[in-house]
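Right, one structure below, let's go through it.
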Amino acid sequence: MLGIHELWLFVLSGLLLNVTPGPDTVYIIGRSLQLGWRGGAAAALGISFGCLFHVTGAAIGLSALLMASSTAFSILKLVGAGYLLFTGLQMLWSKPAIAGVAASHDKASLRRVFLQGAFTNALNPKVALFFLAFLPQFVAVDAPSKPLAFLTLGLIFICTGTLWCLFVAAFAARAAHRLRQSEGVVAWINRALGGLFIYLGIRVAMLEAR
């Protein structure tokens, strides 16, 4: 169907990639510790939305453009690195509130968490190149509609990843209920997340097109 082959292997590979701990997992856990289940879920959905941007890009050829054009790659890289560094410094300087207060149900806070997760992935050219390298391995050369095949595989990958991330958010939120009552712990979590964003910003800035 659609020229997709070895779908079972793709699903298995996607699950293994999704459950492997990485920066996204750290971000979701950190937000779950800060804001509870809603914060972790907002982070997970934001990350998935950012991945959707790259899946769509792979389907219509934007990822290929990034790989072929050093100028386009450099522009996205600098914009992404600047956003990550700015967000990281902002989190380091901010004074977080205890999650037991209304912050846990603050729609503005949840919207901000969602957008941070989305932009972190959408502005990371490394994610774009990953999808461009990973998806074509499961699409036949003579596929009747390669864009539709890419989009289908990408949506499957995102759906399985979202379910896993929501599970991580729920587990972290449940395990850290008491920790969220401590302002000191919440402050350190915020600093750790800020450091993570700065680290990712530096890595993106140093990234080179292959």
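Chain labels A, B, ... are given in the sequence in which chains occur in the structure tokens; within each chain residues are numbered consecutively from 1, and ligands are likewise numbered from 1 in the order shown.
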
If you count only C-alpha atoms, which residues fall within 7 Å of stretch 75-80 of chain A, apart from same-chain ones fewer than 6 positions away, as an mmCIF file with C-alpha atoms, in the first residue's frame?
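And here is the file that came out, around_22.cif:
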data_model
loop_
_atom_site.group_PDB
_atom_site.id
_atom_site.type_symbol
_atom_site.label_atom_id
_atom_site.label_comp_id
_atom_site.auth_asym_id
_atom_site.auth_seq_id
_atom_site.Cartn_x
_atom_site.Cartn_y
_atom_site.Cartn_z
ATOM 1 C CA LEU A 123 13.626 24.852 14.411
ATOM 2 C CA ASN A 124 16.072 21.965 14.756
ATOM 3 C CA PRO A 125 17.489 21.029 11.321
ATOM 4 C CA VAL A 204 22.369 23.088 16.896
ATOM 5 C CA ALA A 205 24.744 26.016 16.296
#

When you look at A:Val168 with a cut-off of 8 Å (counting only C-alpha atoms), what residues show up, excluding the ones that are within fewer than 2 positions of it in the same chain? I need them as an mmCIF file with all heavy atoms, in the first residue's frame.
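Contents of the output file out_9.cif:
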data_model
loop_
_atom_site.group_PDB
_atom_site.id
_atom_site.type_symbol
_atom_site.label_atom_id
_atom_site.label_comp_id
_atom_site.auth_asym_id
_atom_site.auth_seq_id
_atom_site.Cartn_x
_atom_site.Cartn_y
_atom_site.Cartn_z
ATOM 1 N N THR A 25 12.632 13.646 26.151
ATOM 2 C CA THR A 25 12.185 12.954 27.364
ATOM 3 C C THR A 25 12.502 13.781 28.603
ATOM 4 O O THR A 25 11.673 13.897 29.519
ATOM 5 C CB THR A 25 12.864 11.578 27.473
ATOM 6 O OG1 THR A 25 12.592 10.814 26.289
ATOM 7 C CG2 THR A 25 12.345 10.815 28.686
ATOM 8 N N ILE A 28 10.044 16.675 28.858
ATOM 9 C CA ILE A 28 8.716 16.248 29.306
ATOM 10 C C ILE A 28 8.718 15.938 30.799
ATOM 11 O O ILE A 28 7.810 16.344 31.537
ATOM 12 C CB ILE A 28 8.262 15.009 28.501
ATOM 13 C CG1 ILE A 28 8.014 15.391 27.040
ATOM 14 C CG2 ILE A 28 6.992 14.410 29.104
ATOM 15 C CD1 ILE A 28 7.835 14.208 26.125
ATOM 16 N N ILE A 29 9.738 15.233 31.259
ATOM 17 C CA ILE A 29 9.831 14.906 32.684
ATOM 18 C C ILE A 29 9.957 16.180 33.522
ATOM 19 O O ILE A 29 9.304 16.336 34.556
ATOM 20 C CB ILE A 29 11.024 13.969 32.953
ATOM 21 C CG1 ILE A 29 10.761 12.599 32.326
ATOM 22 C CG2 ILE A 29 11.275 13.825 34.457
ATOM 23 C CD1 ILE A 29 11.922 11.639 32.445
ATOM 24 N N TRP A 164 3.791 7.293 23.876
ATOM 25 C CA TRP A 164 4.874 7.018 24.823
ATOM 26 C C TRP A 164 5.174 8.244 25.683
ATOM 27 O O TRP A 164 5.347 8.145 26.902
ATOM 28 C CB TRP A 164 6.127 6.564 24.087
ATOM 29 C CG TRP A 164 7.340 6.501 24.971
ATOM 30 C CD1 TRP A 164 8.408 7.349 24.973
ATOM 31 C CD2 TRP A 164 7.592 5.549 26.021
ATOM 32 N NE1 TRP A 164 9.307 6.990 25.939
ATOM 33 C CE2 TRP A 164 8.841 5.889 26.596
ATOM 34 C CE3 TRP A 164 6.896 4.445 26.511
ATOM 35 C CZ2 TRP A 164 9.395 5.157 27.646
ATOM 36 C CZ3 TRP A 164 7.445 3.725 27.572
ATOM 37 C CH2 TRP A 164 8.676 4.080 28.119
ATOM 38 N N CYS A 165 5.234 9.401 25.050
ATOM 39 C CA CYS A 165 5.547 10.640 25.776
ATOM 40 C C CYS A 165 4.467 10.974 26.809
ATOM 41 O O CYS A 165 4.772 11.456 27.905
ATOM 42 C CB CYS A 165 5.715 11.798 24.795
ATOM 43 S SG CYS A 165 7.228 11.699 23.806
ATOM 44 N N LEU A 166 3.209 10.714 26.471
ATOM 45 C CA LEU A 166 2.121 10.949 27.426
ATOM 46 C C LEU A 166 2.237 9.994 28.615
ATOM 47 O O LEU A 166 1.948 10.370 29.755
ATOM 48 C CB LEU A 166 0.772 10.782 26.735
ATOM 49 C CG LEU A 166 0.404 11.869 25.711
ATOM 50 C CD1 LEU A 166 -0.901 11.515 25.006
ATOM 51 C CD2 LEU A 166 0.284 13.236 26.390
ATOM 52 N N ALA A 170 2.712 11.161 32.495
ATOM 53 C CA ALA A 170 1.839 10.697 33.572
ATOM 54 C C ALA A 170 2.651 10.050 34.691
ATOM 55 O O ALA A 170 2.406 10.292 35.883
ATOM 56 C CB ALA A 170 0.813 9.707 33.025
ATOM 57 N N PHE A 171 3.626 9.237 34.320
ATOM 58 C CA PHE A 171 4.448 8.551 35.314
ATOM 59 C C PHE A 171 5.259 9.556 36.123
ATOM 60 O O PHE A 171 5.333 9.467 37.361
ATOM 61 C CB PHE A 171 5.383 7.557 34.617
ATOM 62 C CG PHE A 171 6.282 6.813 35.561
ATOM 63 C CD1 PHE A 171 5.820 5.701 36.244
ATOM 64 C CD2 PHE A 171 7.589 7.231 35.767
ATOM 65 C CE1 PHE A 171 6.640 5.008 37.120
ATOM 66 C CE2 PHE A 171 8.420 6.548 36.644
ATOM 67 C CZ PHE A 171 7.946 5.434 37.320
ATOM 68 N N ALA A 172 5.886 10.529 35.430
ATOM 69 C CA ALA A 172 6.710 11.513 36.122
ATOM 70 C C ALA A 172 5.867 12.392 37.037
ATOM 71 O O ALA A 172 6.272 12.712 38.163
ATOM 72 C CB ALA A 172 7.457 12.381 35.102
#

Check which residues of stretch 107-190 of chain A sit at most 9 Å from stretch 5-23 of chain A using only C-alpha atoms, and return one row each with the closest pair of atoms and their distance in Å to one decimal, ordered by chain and rising number, as JSON lines.
{"residue": "A:Leu135", "atom": "CA", "partner": "A:Phe10", "partner_atom": "CA", "distance": 8.6}
{"residue": "A:Gln137", "atom": "CA", "partner": "A:His5", "partner_atom": "CA", "distance": 8.8}
{"residue": "A:Phe138", "atom": "CA", "partner": "A:His5", "partner_atom": "CA", "distance": 5.4}
{"residue": "A:Val139", "atom": "CA", "partner": "A:His5", "partner_atom": "CA", "distance": 6.1}
{"residue": "A:Ala140", "atom": "CA", "partner": "A:His5", "partner_atom": "CA", "distance": 6.8}
{"residue": "A:Leu153", "atom": "CA", "partner": "A:Phe10", "partner_atom": "CA", "distance": 8.1}
{"residue": "A:Ile156", "atom": "CA", "partner": "A:Val11", "partner_atom": "CA", "distance": 7.5}
{"residue": "A:Phe157", "atom": "CA", "partner": "A:Gly14", "partner_atom": "CA", "distance": 5.8}
{"residue": "A:Ile158", "atom": "CA", "partner": "A:Gly14", "partner_atom": "CA", "distance": 8.8}
{"residue": "A:Thr160", "atom": "CA", "partner": "A:Leu15", "partner_atom": "CA", "distance": 6.7}
{"residue": "A:Gly161", "atom": "CA", "partner": "A:Asn18", "partner_atom": "CA", "distance": 5.4}
{"residue": "A:Thr162", "atom": "CA", "partner": "A:Asn18", "partner_atom": "CA", "distance": 8.7}
{"residue": "A:Trp164", "atom": "CA", "partner": "A:Val19", "partner_atom": "CA", "distance": 7.0}
{"residue": "A:Cys165", "atom": "CA", "partner": "A:Asn18", "partner_atom": "CA", "distance": 8.1}

Take the residues that were just selected and, keeping N, CA, C and O atoms, output them as a short mmCIF file (atom, residue, chain, number, x, y, z; two decimals), in the first residue's frame.
data_model
loop_
_atom_site.label_atom_id
_atom_site.label_comp_id
_atom_site.auth_asym_id
_atom_site.auth_seq_id
_atom_site.Cartn_x
_atom_site.Cartn_y
_atom_site.Cartn_z
N LEU A 135 12.75 7.88 6.89
CA LEU A 135 11.51 7.50 6.20
C LEU A 135 11.73 6.83 4.85
O LEU A 135 11.06 5.82 4.54
N GLN A 137 13.79 4.78 3.79
CA GLN A 137 14.20 3.38 3.86
C GLN A 137 13.02 2.41 3.79
O GLN A 137 13.20 1.23 3.50
N PHE A 138 11.81 2.92 4.06
CA PHE A 138 10.63 2.06 4.09
C PHE A 138 9.64 2.40 2.97
O PHE A 138 8.48 2.02 3.03
N VAL A 139 10.12 3.14 1.97
CA VAL A 139 9.28 3.50 0.83
C VAL A 139 9.95 2.99 -0.44
O VAL A 139 11.13 3.25 -0.69
N ALA A 140 9.19 2.25 -1.24
CA ALA A 140 9.73 1.68 -2.47
C ALA A 140 10.11 2.78 -3.46
O ALA A 140 9.49 3.85 -3.49
N LEU A 153 3.91 7.35 7.03
CA LEU A 153 4.91 6.81 7.96
C LEU A 153 5.20 7.81 9.08
O LEU A 153 5.35 7.43 10.25
N ILE A 156 2.45 7.78 11.65
CA ILE A 156 2.54 6.58 12.49
C ILE A 156 3.62 6.77 13.55
O ILE A 156 3.42 6.47 14.74
N PHE A 157 4.76 7.28 13.13
CA PHE A 157 5.88 7.53 14.05
C PHE A 157 5.48 8.53 15.14
O PHE A 157 5.77 8.34 16.32
N ILE A 158 4.80 9.60 14.73
CA ILE A 158 4.39 10.63 15.68
C ILE A 158 3.34 10.10 16.66
O ILE A 158 3.39 10.39 17.86
N THR A 160 2.81 6.93 17.71
CA THR A 160 3.41 6.04 18.70
C THR A 160 4.29 6.82 19.67
O THR A 160 4.29 6.55 20.88
N GLY A 161 4.99 7.82 19.15
CA GLY A 161 5.84 8.64 20.01
C GLY A 161 5.02 9.46 20.99
O GLY A 161 5.41 9.62 22.16
N THR A 162 3.89 9.99 20.55
CA THR A 162 3.04 10.79 21.42
C THR A 162 2.48 9.96 22.56
O THR A 162 2.45 10.39 23.71
N TRP A 164 3.79 7.29 23.88
CA TRP A 164 4.87 7.02 24.82
C TRP A 164 5.17 8.24 25.68
O TRP A 164 5.35 8.14 26.90
N CYS A 165 5.23 9.40 25.05
CA CYS A 165 5.55 10.64 25.78
C CYS A 165 4.47 10.97 26.81
O CYS A 165 4.77 11.46 27.90
#

Practice problem: Choose the residue, out of A:Val26, A:Ala118, A:Ala128, A:Leu2, that has the smallest atom-to-atom separation from A:Pro144; count only C-alpha atoms. | Solution: A:Leu2

Quiz item: Which neighbours of A:Leu193 fall inside 9 Å, counting only C-alpha atoms, when residues of the same chain fewer than 2 positions from it are skipped, and could you give them as number ranges by chain?
Solution: A: 26-27, 30-31, 88, 91-92, 188-191, 195-198

Self-check item: Interatomic distance, atom CA of A:Gly117 to atom CA of A:Leu84 (Å, one decimal)
Solution: 10.4 Å

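You can rank A:His54, A:Arg174, A:Arg203, A:Arg38 by their closest distance to A:Asn121 using only C-alpha atoms, and at the top of that list sits A:His54.
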
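When only C-alpha atoms are used to compute distances to A:Gln116, the closest of the residues A:Phe130, A:Phe167, A:Phe49, A:Trp37 turns out to be A:Phe49.
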
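When atom CA of A:Ala143 is paired with atom CA of A:Ser48, their separation reads 26.3 Å.
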
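The closest residue to A:Ala173, picked from A:Leu52, A:Ala41, A:Ile4, A:Ile202 and counting only C-alpha atoms, is A:Ala41.
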
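For the pair atom CA of A:Phe150 and atom CA of A:Ala59, the separation is 5.3 Å.
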
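With only C-alpha atoms as the basis for measurement, A:Ser109 is the residue among A:Leu163, A:Phe119, A:Val127, A:Ser109 that approaches A:Gly39 most closely.
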
Practice problem: Identify all residues of stretch 68-170 of chain A in alpha helix (DSSP H) (DSSP on the backbone) and supply them as a PyMOL selection string. | Solution: chain A and resi 68+70-93+107-122+125-134+146-170
